[in-house]
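Before any comments, here is the structure.
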Amino acid sequence: MNNNSILLIDPNFEPANSTNLNLLVKIGADTFSYAIIDLEKNFVHAVYDEQECENGYEKLNERLKNDSYLQLAYKQVTVATHTNNIVFVPQELFNENNIAVYTKYFEETDSPAVYVQPSAQQKFSAVFSLPLFAEKTINEQWKTATRLYLNAGLIELADQLNRDTVLLDFTVGSFQFIYLKNQKATFTQSYQFEDLEELTYFILLIINQLKINTENTELKACGIIHDGDEKWKLLKQYFKQIDLLTIQSRLDTNILDDMPSHYYTGLLALQQCV
């Protein structure tokens, strides 16, 4: 462990039982986290989180060598990843027989695999691929793993919201932005920021470009943010209604009792996609 990482684990966790459990892995641009979950008993056995990584994929390689929990055999593995190779296509325009129409917009074209992920709650499909070295690492460790794009879990929370909403998932130095209008995801993007001034710039840019009515749009924030900190005070300047976003499910998250429950919303929300 280092100063930027934390491991929370159930003292009764039995690694020998891992083949009955699910592993959720989330790889951000500057973060790496995972959760070990028993979906039949709705129980969270472990959560690992590391902030301020130089590269999330490089951190995956490091943890695979040093973390015995990642080396266990699981019933199912789900990996949600940051990638610049992604296009969201409305279902009425999606043609599964001509994926090349969408991949031509990718920043990188050397990945051997392209994934299509229909949204359960939204009327679109995400077409994406991973960087070549990341695809190789994941395939070697978890060949049958389900690949998701980074925000997949949060977007599936849309059916729990009944008004226009902005979702923000913060790390120490970045945030995932999702704009839901009429319960439909209309915009999603990742941003990295150096300081509060740069964060302010991005928030104002997004509000202006998307013409968001901040009086009537609710903002829900999760990840590394606290009620009353600098980021919170900034958001309060521009949004009239702001709240913390926590996972609403039957999951027993007793191991997180000593931590802010909204820290791991984005990670635990991935279980909706399993």
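FYI, nothing fancy with the structure tokens labels: chains A, B, ... in order, residues from 1 per chain, ligands from 1 as they appear.
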Identify, on the basis of only C-alpha atoms, every residue whose closest approach to range 48-54 of chain A does not exceed 6 Å; exclude the query and any residue fewer than 3 positions from it along the same chain; express the result as a PyMOL selection string.
chain A and resi 4-7+30-34
Give me the residues within 12 Å of Leu168 in chain A as an MDAnalysis selection string, counting only C-alpha atoms and dropping any in the same chain fewer than 6 places off.
chainID A and resid 151 154:155 174:180 187:191 199 203 218:225 231:232 235 242:246 262:263 265:266
How close does each residue of range 40-132 of chain A get to range 141-147 of chain A, giving the shortest atom pair and distance in Å to one decimal for every residue with an atom at most 7 Å away, counting only C-alpha atoms, sorted by chain and residue number, as a Markdown table?
| residue | atom | partner | partner_atom | distance |
| --- | --- | --- | --- | --- |
| A:Gln76 | CA | A:Ala145 | CA | 6.8 |
| A:Val77 | CA | A:Ala145 | CA | 4.8 |
| A:Thr78 | CA | A:Thr146 | CA | 4.7 |
| A:Val79 | CA | A:Arg147 | CA | 5.1 |
| A:Ala80 | CA | A:Arg147 | CA | 5.9 |
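A straight line drawn from CA of Gln248 in chain A to CA of Tyr57 in chain A is 28.8 Å long.
Reported to one decimal place, the separation of CA of Leu270 in chain A from CA of Gln160 in chain A is 14.9 Å.
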Could you write out, as a ChimeraX atom specification, all the residues of range 34-269 of chain A that DSSP marks as strand (DSSP E or B)?
/A:34-38,43-50,76-81,86-90,115-118,124-128,146-149,165-170,174-181,184-192,218-223,241-244,252
